>>> print(open('data.txt').read())   # compact mmCIF, C-alpha atoms and all ligand atoms
# COMPACT_ATOMS: atom_id res chain seq x y z
CA MET A 35 -27.31 0.93 -23.14
CA GLU A 36 -26.20 3.69 -20.77
CA LYS A 37 -24.79 6.55 -22.85
CA PHE A 38 -23.58 8.70 -19.99
CA PRO A 39 -21.21 6.79 -17.74
CA LEU A 40 -20.21 8.09 -14.34
CA LEU A 41 -16.99 10.05 -14.87
CA LEU A 42 -14.53 9.05 -12.16
CA SER A 43 -12.89 12.45 -11.88
CA ALA A 44 -10.18 12.75 -9.25
CA ARG A 45 -11.13 16.25 -8.17
CA SER A 46 -13.55 15.46 -5.34
CA ALA A 47 -11.78 12.20 -4.41
CA VAL A 48 -8.44 14.01 -4.06
CA ALA A 49 -10.08 16.75 -2.00
CA ALA A 50 -11.58 14.15 0.38
CA LEU A 51 -8.31 12.21 0.75
CA ASN A 52 -6.23 15.39 1.14
CA GLU A 53 -8.57 16.69 3.82
CA LYS A 54 -7.86 13.60 5.93
CA THR A 55 -4.12 13.78 5.21
CA HIS A 56 -4.01 17.48 6.08
CA ALA A 57 -5.73 16.90 9.42
CA ALA A 58 -3.38 14.00 10.24
CA SER A 59 -0.37 16.05 9.15
CA LEU A 60 -1.32 18.99 11.40
CA ALA A 61 -2.01 16.69 14.36
CA LEU A 62 1.35 15.00 13.88
CA ARG A 63 3.08 18.35 13.54
CA SER A 64 1.88 19.48 16.95
CA ARG A 65 2.70 16.08 18.48
CA LEU A 66 6.25 15.90 17.06
CA GLY A 67 7.01 19.61 17.16
CA ARG A 68 7.98 19.38 13.48
CA PRO A 69 6.23 18.63 10.20
CA ALA A 70 6.41 15.24 8.49
CA LYS A 71 9.09 15.51 5.82
CA LEU A 72 9.32 14.08 2.31
CA ALA A 73 12.66 13.88 0.49
CA VAL A 74 12.45 13.67 -3.31
CA ILE A 75 15.43 12.57 -5.41
CA LEU A 76 15.48 13.36 -9.13
CA VAL A 77 18.28 12.21 -11.43
CA GLY A 78 18.49 13.80 -14.87
CA ASP A 79 16.08 16.14 -16.61
CA ASP A 80 13.28 13.96 -17.96
CA PRO A 81 10.63 16.68 -18.52
CA ALA A 82 7.72 14.66 -17.09
CA SER A 83 9.78 13.70 -14.03
CA VAL A 84 10.73 17.34 -13.43
CA ILE A 85 7.02 18.25 -13.38
CA TYR A 86 5.99 15.26 -11.23
CA THR A 87 8.66 15.88 -8.61
CA ARG A 88 7.75 19.57 -8.42
CA LYS A 89 4.08 18.64 -7.96
CA LYS A 90 4.96 16.21 -5.16
CA GLY A 91 6.91 18.90 -3.29
CA GLU A 92 4.11 21.45 -3.72
CA ALA A 93 1.50 18.96 -2.51
CA ALA A 94 3.56 18.24 0.63
CA LEU A 95 3.78 21.95 1.46
CA ARG A 96 0.04 22.46 0.86
CA LEU A 97 -0.74 19.68 3.33
CA GLY A 98 1.41 21.11 6.13
CA MET A 99 4.43 18.89 5.50
CA ALA A 100 8.03 19.77 4.74
CA HIS A 101 9.88 18.63 1.67
CA GLU A 102 13.40 18.70 0.31
CA SER A 103 14.38 18.05 -3.30
CA PHE A 104 17.70 16.69 -4.49
CA HIS A 105 18.42 17.08 -8.21
CA PHE A 106 21.41 15.28 -9.72
CA PRO A 107 22.66 15.46 -13.33
CA ALA A 108 22.09 12.30 -15.40
CA SER A 109 25.89 11.78 -15.32
CA VAL A 110 25.97 11.28 -11.52
CA SER A 111 27.38 7.97 -10.31
CA PRO A 112 24.80 5.62 -8.78
CA SER A 113 26.99 5.31 -5.66
CA GLU A 114 26.63 9.04 -5.00
CA VAL A 115 22.82 8.78 -5.10
CA GLN A 116 22.96 5.67 -2.94
CA ALA A 117 25.12 7.52 -0.38
CA LEU A 118 22.55 10.35 -0.20
CA THR A 119 19.74 7.80 0.21
CA GLU A 120 21.63 6.17 3.09
CA ARG A 121 22.08 9.57 4.78
CA LEU A 122 18.36 10.23 4.44
CA ASN A 123 17.54 6.73 5.74
CA ALA A 124 19.55 7.55 8.89
CA ASP A 125 18.11 11.07 9.32
CA PRO A 126 15.32 11.02 11.95
CA GLY A 127 13.99 14.32 10.55
CA VAL A 128 13.13 12.67 7.21
CA ASP A 129 10.01 10.48 7.15
CA GLY A 130 9.56 9.57 3.49
CA ILE A 131 12.01 9.23 0.61
CA LEU A 132 11.37 8.65 -3.07
CA ILE A 133 13.62 8.29 -6.09
CA GLN A 134 11.79 9.44 -9.20
CA ARG A 135 11.75 7.02 -12.13
CA PRO A 136 12.78 6.51 -14.87
CA LEU A 137 16.44 6.54 -13.88
CA PRO A 138 19.18 7.14 -16.46
CA ALA A 139 21.14 4.30 -18.06
CA GLY A 140 23.81 3.14 -15.65
CA PHE A 141 21.37 2.69 -12.76
CA ASP A 142 20.29 -0.85 -12.04
CA ASP A 143 16.55 -0.46 -11.37
CA ALA A 144 16.36 -3.73 -9.45
CA GLU A 145 19.23 -2.74 -7.16
CA VAL A 146 17.81 0.75 -6.51
CA LEU A 147 14.65 -0.89 -5.11
CA TYR A 148 16.67 -1.85 -2.02
CA TRP A 149 18.21 1.56 -1.28
CA ILE A 150 15.36 3.25 0.59
CA HIS A 151 14.63 1.74 4.00
CA PRO A 152 11.20 -0.01 3.87
CA SER A 153 9.85 2.23 6.68
CA LYS A 154 10.59 5.39 4.63
CA ASP A 155 9.70 3.86 1.25
CA VAL A 156 6.63 6.00 0.49
CA ASP A 157 6.43 4.61 -3.09
CA ALA A 158 6.34 1.08 -1.57
CA PHE A 159 8.68 -0.21 -4.27
CA HIS A 160 11.03 -2.04 -1.84
CA PRO A 161 10.74 -5.84 -2.22
CA GLU A 162 9.93 -6.08 1.50
CA ASN A 163 6.91 -3.81 1.10
CA HIS A 164 5.85 -5.70 -2.03
CA GLY A 165 6.07 -8.98 -0.09
CA ARG A 166 4.12 -7.53 2.83
CA LEU A 167 1.34 -6.48 0.44
CA ILE A 168 1.08 -9.98 -1.02
CA LEU A 169 1.18 -11.60 2.44
CA GLY A 170 -1.40 -9.18 3.88
CA LEU A 171 1.09 -7.83 6.45
CA PRO A 172 1.23 -4.16 7.48
CA GLY A 173 3.58 -2.04 5.40
CA MET A 174 3.71 0.83 2.94
CA LEU A 175 1.31 0.37 0.04
CA PRO A 176 2.03 1.60 -3.51
CA CYS A 177 0.51 4.94 -4.43
CA THR A 178 -1.14 4.31 -7.80
CA PRO A 179 -3.00 1.11 -6.77
CA VAL A 180 -4.02 2.70 -3.45
CA GLY A 181 -5.17 5.81 -5.32
CA ILE A 182 -7.27 3.67 -7.69
CA LEU A 183 -8.99 1.90 -4.80
CA ALA A 184 -9.59 5.27 -3.11
CA LEU A 185 -11.17 6.51 -6.36
CA LEU A 186 -13.48 3.47 -6.55
CA ASP A 187 -14.36 3.81 -2.85
CA HIS A 188 -15.04 7.53 -3.21
CA TYR A 189 -17.62 6.86 -5.93
CA GLY A 190 -19.18 3.99 -3.99
CA ILE A 191 -18.10 1.31 -6.48
CA PRO A 192 -17.88 -2.07 -4.72
CA VAL A 193 -14.88 -4.34 -5.26
CA GLU A 194 -15.62 -7.36 -3.07
CA SER A 195 -16.55 -10.51 -5.00
CA ARG A 196 -16.48 -8.71 -8.35
CA THR A 197 -14.43 -9.90 -11.30
CA ALA A 198 -11.55 -7.49 -11.83
CA CYS A 199 -9.10 -7.71 -14.70
CA VAL A 200 -5.77 -5.86 -14.50
CA VAL A 201 -4.10 -5.45 -17.88
CA GLY A 202 -0.37 -4.99 -17.33
CA ARG A 203 2.03 -6.57 -14.85
CA SER A 204 4.52 -3.84 -13.99
CA ALA A 205 6.07 -3.86 -10.53
CA ILE A 206 4.76 -0.31 -9.94
CA VAL A 207 1.11 -0.76 -10.92
CA GLY A 208 -0.06 -4.06 -12.43
CA LYS A 209 1.29 -6.56 -9.91
CA PRO A 210 0.52 -4.61 -6.71
CA MET A 211 -2.89 -3.61 -8.12
CA ALA A 212 -3.81 -7.28 -8.51
CA GLY A 213 -2.51 -7.96 -4.99
CA LEU A 214 -4.58 -5.16 -3.46
CA LEU A 215 -7.73 -6.23 -5.32
CA LEU A 216 -7.22 -9.74 -3.99
CA ARG A 217 -6.89 -8.33 -0.47
CA ARG A 218 -10.25 -6.64 -1.06
CA ASN A 219 -11.75 -10.02 -2.04
CA ALA A 220 -12.15 -9.38 -5.76
CA THR A 221 -11.77 -12.25 -8.22
CA VAL A 222 -8.64 -11.14 -10.02
CA ILE A 223 -7.43 -11.81 -13.55
CA GLN A 224 -3.98 -10.55 -14.50
CA ALA A 225 -3.61 -10.07 -18.24
CA HIS A 226 -0.42 -9.04 -20.04
CA ARG A 227 1.27 -8.89 -23.43
CA HIS A 228 1.32 -12.70 -23.75
CA THR A 229 -2.37 -13.14 -22.90
CA ARG A 230 -4.12 -15.04 -25.67
CA ASP A 231 -7.31 -13.40 -27.00
CA LEU A 232 -7.15 -10.37 -24.73
CA PRO A 233 -10.63 -9.02 -25.65
CA GLU A 234 -12.28 -12.28 -24.63
CA ILE A 235 -10.56 -12.15 -21.23
CA THR A 236 -11.12 -8.45 -20.55
CA ARG A 237 -14.80 -8.75 -21.52
CA THR A 238 -15.34 -10.94 -18.45
CA ALA A 239 -14.34 -8.06 -16.15
CA GLU A 240 -16.79 -6.01 -14.12
CA ILE A 241 -13.83 -3.80 -13.20
CA LEU A 242 -11.18 -3.34 -15.89
CA ILE A 243 -7.93 -1.64 -14.86
CA VAL A 244 -5.56 -0.87 -17.70
CA ALA A 245 -1.88 -0.11 -17.07
CA THR A 246 -0.01 -1.18 -20.19
CA GLY A 247 1.82 1.95 -21.29
CA SER A 248 0.41 1.33 -24.77
CA ALA A 249 -1.60 4.32 -26.03
CA GLY A 250 -5.16 3.49 -27.06
CA LEU A 251 -4.70 -0.28 -26.70
CA ILE A 252 -8.17 -0.83 -25.25
CA GLY A 253 -11.21 -0.36 -27.47
CA PRO A 254 -14.90 -1.26 -27.20
CA GLU A 255 -14.20 -4.88 -28.18
CA HIS A 256 -12.36 -5.28 -24.83
CA VAL A 257 -15.14 -4.00 -22.61
CA ARG A 258 -18.11 -5.74 -21.06
CA PRO A 259 -21.21 -3.54 -21.22
CA GLY A 260 -21.71 -1.88 -17.84
CA ALA A 261 -18.09 -2.36 -16.76
CA VAL A 262 -16.12 0.09 -14.63
CA VAL A 263 -12.97 1.10 -16.54
CA ILE A 264 -9.88 2.61 -14.92
CA ASP A 265 -7.20 4.00 -17.24
CA VAL A 266 -3.72 4.28 -15.73
CA GLY A 267 -1.97 5.21 -19.00
CA ILE A 268 -0.79 8.69 -19.83
CA HIS A 269 0.55 9.59 -23.26
CA ARG A 270 1.28 12.92 -24.89
CA SER A 271 0.68 13.30 -28.64
CA ALA A 272 2.92 15.35 -30.93
CA GLU A 273 0.35 18.17 -30.55
CA GLY A 274 0.66 17.95 -26.77
CA LYS A 275 -2.73 16.32 -26.16
CA LEU A 276 -2.89 13.81 -23.29
CA SER A 277 -4.62 10.45 -23.62
CA GLY A 278 -4.60 7.05 -21.96
CA ASP A 279 -4.37 3.34 -22.73
CA VAL A 280 -8.15 3.33 -23.31
CA ARG A 281 -9.84 4.85 -26.39
CA PHE A 282 -12.10 6.99 -24.24
CA ALA A 283 -14.58 8.23 -26.89
CA GLU A 284 -15.26 4.71 -28.19
CA VAL A 285 -15.25 2.93 -24.85
CA SER A 286 -17.07 5.32 -22.54
CA PRO A 287 -20.59 4.76 -24.00
CA LEU A 288 -20.29 1.10 -22.97
CA CYS A 289 -19.22 1.72 -19.37
CA SER A 290 -21.10 2.33 -16.16
CA ALA A 291 -18.12 4.38 -14.97
CA ILE A 292 -14.77 5.38 -16.45
CA SER A 293 -11.76 7.41 -15.28
CA PRO A 294 -10.59 10.21 -17.59
CA VAL A 295 -7.03 10.99 -18.71
CA PRO A 296 -5.95 13.48 -17.55
CA GLY A 297 -7.74 14.06 -14.24
CA GLY A 298 -8.36 10.48 -13.14
CA VAL A 299 -5.70 8.19 -11.71
CA GLY A 300 -2.76 10.64 -11.91
CA PRO A 301 -3.84 13.09 -9.19
CA MET A 302 -4.92 10.18 -6.97
CA THR A 303 -1.35 8.86 -7.02
CA ILE A 304 0.06 12.08 -5.57
CA ALA A 305 -2.69 12.22 -2.93
CA ALA A 306 -1.85 8.63 -1.92
CA LEU A 307 1.85 9.55 -1.72
CA MET A 308 1.02 12.35 0.71
CA ALA A 309 -1.06 9.98 2.84
CA ASN A 310 1.87 7.52 2.86
CA THR A 311 4.28 10.23 4.03
CA VAL A 312 2.11 11.07 7.04
CA LEU A 313 1.66 7.36 7.73
CA ALA A 314 5.44 6.81 7.64
CA ALA A 315 5.93 9.67 10.12
CA GLU A 316 3.15 8.39 12.39
CA THR A 317 4.58 4.86 12.34
CA ALA A 318 8.09 6.11 13.13
CA ALA A 319 6.73 8.18 16.03
CA THR A 320 4.76 5.26 17.48
CA PRO A 321 7.27 2.42 17.86
CA SER A 322 4.89 0.10 19.71
CA THR A 323 2.52 -0.08 16.75
CA SER A 324 5.19 -0.01 14.03
CA GLN A 325 5.91 -3.07 11.93
N1 LIG A 401 7.68 7.46 -12.15
C1 LIG A 401 6.43 7.31 -12.61
N2 LIG A 401 5.58 7.09 -11.58
C2 LIG A 401 6.33 7.10 -10.46
C3 LIG A 401 6.03 6.93 -9.08
O1 LIG A 401 4.89 6.72 -8.68
N3 LIG A 401 7.09 7.01 -8.23
C4 LIG A 401 8.35 7.24 -8.65
N4 LIG A 401 9.32 7.29 -7.74
N5 LIG A 401 8.67 7.40 -9.93
C5 LIG A 401 7.65 7.33 -10.83
>>> encode(input="data.txt", output="structure tokens")
Amino acid sequence: MEKFPLLLSARSAVAALNEKTHAASLALRSRLGRPAKLAVILVGDDPASVIYTRKKGEAALRLGMAHESFHFPASVSPSEVQALTERLNADPGVDGILIQRPLPAGFDDAEVLYWIHPSKDVDAFHPENHGRLILGLPGMLPCTPVGILALLDHYGIPVESRTACVVGRSAIVGKPMAGLLLRRNATVIQAHRHTRDLPEITRTAEILIVATGSAGLIGPEHVRPGAVVIDVGIHRSAEGKLSGDVRFAEVSPLCSAISPVPGGVGPMTIAALMANTVLAAETAATPSTSQ
């Protein structure tokens, strides 16, 4: 059995994706006479969200884009945030908008999905973009699933006709991940908390993508020897150590390739967000080819 799996580190994959995004961003900047602009809305002070939103703004600036952050206290009324979102929707100088999650109690997550106009919805959370993904129509695609496919592509791992199991069925990762894999002609199994005999199901997968939010859920008993394993989870222990949904030390000797936590899927998500922002600006500037 292979003892040294290929480590699917994001470093070189992010560099390759960012290089393309940077070139497209600079070309667009000279065409429009202004940079593509990302607006980031943060509500409350969730420590991870504060870090993520800062990283998104910094990444935009590094890639020749503009960004503006809006930070509300957790006590803000949802209608105030909605009013800002509507102003940004109507502002032709803003290309992409995102509302960082989780949102405080008092916000109806399902309702918030509709606030950002689908053409500026760089997270691709709007039900219209989700529907377009499933129907194979053009539209914004969600950052984490796109980032995972970019990671697989970067390392030359084929998807077509392979059996892929997605564990988790969140609207942000699990469901769109399965949809994108299907679009790439994988044979897709969607497993979730009600799946009977999870290890038996996951062991059929040549590509196993785990997005459960349950630290260390996946062990060697879940993994087919030679599988490619992608870990979307991120958990911080009391000592501050980061780990994923997959028990890396036990699972990695079985795999042909595995993504680490940290340094795997997370940075790919931000790189995909940047690519989406340039794409949104390009689409807005080219009405004849827009959706
Ligand atoms: N919270 C955790 N991940 C994400 C993401 O990709 N987008 C937004 N808006 N919030 C998140």
>>> atom_distance(input="data.txt", atom1="CA of Val312 (chain A)", atom2="CA of Val244 (chain A)")
28.5 Å
>>> closest_residue(input="data.txt", among="A:Asp231, A:Glu284, A:Asp125, A:Asp157", to="ligand LIG 401 (chain A)", atoms="all atoms listed in the file")
A:Asp157
>>> residues_around(input="data.txt", residues="Pro69 (chain A)", least_positions_apart="2", cutoff="7 Å", atoms="all atoms listed in the file", output="NGL selection string")
:A and (63 or 71 or 98-100)
>>> residues_near_point(input="data.txt", point="(22.3, 12.0, -14.3)", cutoff="8 Å", atoms="all atoms listed in the file", output="NGL selection string")
:A and (77-79 or 106-111 or 138)
>>> closest_residue(input="data.txt", among="A:Val257, A:Leu41, A:Leu167, A:Asp80", to="Leu186 (chain A)", atoms="only C-alpha atoms")
A:Leu41
>>> residues_near_ligand(input="data.txt", ligand="ligand LIG 401 (chain A)", cutoff="10 Å", atoms="only C-alpha atoms and all ligand atoms", output="PyMOL selection string")
chain A and resi 74-76+82-83+86-87+90+131-137+155-159+176-179+206-207+300+303-304+306-307
>>> residues_around(input="data.txt", residues="Arg166 (chain A)", least_positions_apart="2", cutoff="12 Å", atoms="only C-alpha atoms", output="PDB file with C-alpha atoms, keeping the file's coordinate frame")
ATOM      1  CA  PRO A 152      11.200  -0.010   3.870  1.00  0.00           C
ATOM      2  CA  SER A 153       9.850   2.230   6.680  1.00  0.00           C
ATOM      3  CA  ALA A 158       6.340   1.080  -1.570  1.00  0.00           C
ATOM      4  CA  PHE A 159       8.680  -0.210  -4.270  1.00  0.00           C
ATOM      5  CA  HIS A 160      11.030  -2.040  -1.840  1.00  0.00           C
ATOM      6  CA  PRO A 161      10.740  -5.840  -2.220  1.00  0.00           C
ATOM      7  CA  GLU A 162       9.930  -6.080   1.500  1.00  0.00           C
ATOM      8  CA  ASN A 163       6.910  -3.810   1.100  1.00  0.00           C
ATOM      9  CA  HIS A 164       5.850  -5.700  -2.030  1.00  0.00           C
ATOM     10  CA  ILE A 168       1.080  -9.980  -1.020  1.00  0.00           C
ATOM     11  CA  LEU A 169       1.180 -11.600   2.440  1.00  0.00           C
ATOM     12  CA  GLY A 170      -1.400  -9.180   3.880  1.00  0.00           C
ATOM     13  CA  LEU A 171       1.090  -7.830   6.450  1.00  0.00           C
ATOM     14  CA  PRO A 172       1.230  -4.160   7.480  1.00  0.00           C
ATOM     15  CA  GLY A 173       3.580  -2.040   5.400  1.00  0.00           C
ATOM     16  CA  MET A 174       3.710   0.830   2.940  1.00  0.00           C
ATOM     17  CA  LEU A 175       1.310   0.370   0.040  1.00  0.00           C
ATOM     18  CA  PRO A 176       2.030   1.600  -3.510  1.00  0.00           C
ATOM     19  CA  PRO A 210       0.520  -4.610  -6.710  1.00  0.00           C
ATOM     20  CA  GLY A 213      -2.510  -7.960  -4.990  1.00  0.00           C
ATOM     21  CA  LEU A 214      -4.580  -5.160  -3.460  1.00  0.00           C
ATOM     22  CA  ARG A 217      -6.890  -8.330  -0.470  1.00  0.00           C
ATOM     23  CA  GLN A 325       5.910  -3.070  11.930  1.00  0.00           C
TER      24      GLN A 325
END
>>> closest_residue(input="data.txt", among="A:Ala225, A:Val84, A:Ile268, A:Leu97", to="Leu62 (chain A)", atoms="all atoms listed in the file")
A:Leu97
>>> residues_near_point(input="data.txt", point="(-11.6, 3.1, -15.1)", cutoff="9 Å", atoms="only C-alpha atoms", output="list of chain:residue names")
A:Leu41, A:Leu42, A:Ile182, A:Leu186, A:Ile241, A:Leu242, A:Ile243, A:Val244, A:Ala261, A:Val262, A:Val263, A:Ile264, A:Asp265, A:Val266, A:Val280, A:Cys289, A:Ala291, A:Ile292, A:Ser293, A:Pro294, A:Gly298, A:Val299
>>> residues_around(input="data.txt", residues="Glu120 (chain A)", least_positions_apart="4", cutoff="10 Å", atoms="only C-alpha atoms", output="ChimeraX atom specification")
/A:114-116,124-125,149-151
>>> write_last_selection(input="data.txt", atoms="C-alpha atoms", output="compact mmCIF listing (two decimals), in the coordinates of the input")
# COMPACT_ATOMS: atom_id res chain seq x y z
CA GLU A 114 26.63 9.04 -5.00
CA VAL A 115 22.82 8.78 -5.10
CA GLN A 116 22.96 5.67 -2.94
CA ALA A 124 19.55 7.55 8.89
CA ASP A 125 18.11 11.07 9.32
CA TRP A 149 18.21 1.56 -1.28
CA ILE A 150 15.36 3.25 0.59
CA HIS A 151 14.63 1.74 4.00
>>> atom_distance(input="data.txt", atom1="CA of Leu66 (chain A)", atom2="CA of Gly130 (chain A)")
15.3 Å
>>> atom_distance(input="data.txt", atom1="CA of Ala315 (chain A)", atom2="CA of Ser59 (chain A)")
9.0 Å
>>> closest_residue(input="data.txt", among="A:Gly140, A:Ile235, A:Ala94, A:Ser46", to="Leu60 (chain A)", atoms="all atoms listed in the file")
A:Ala94
>>> closest_residue(input="data.txt", among="A:Leu216, A:Ala318, A:Val48, A:Ile252", to="Tyr189 (chain A)", atoms="all atoms listed in the file")
A:Val48
>>> closest_residue(input="data.txt", among="A:Gly67, A:Pro259, A:Gly181, A:Gly127", to="Ala309 (chain A)", atoms="only C-alpha atoms")
A:Gly181
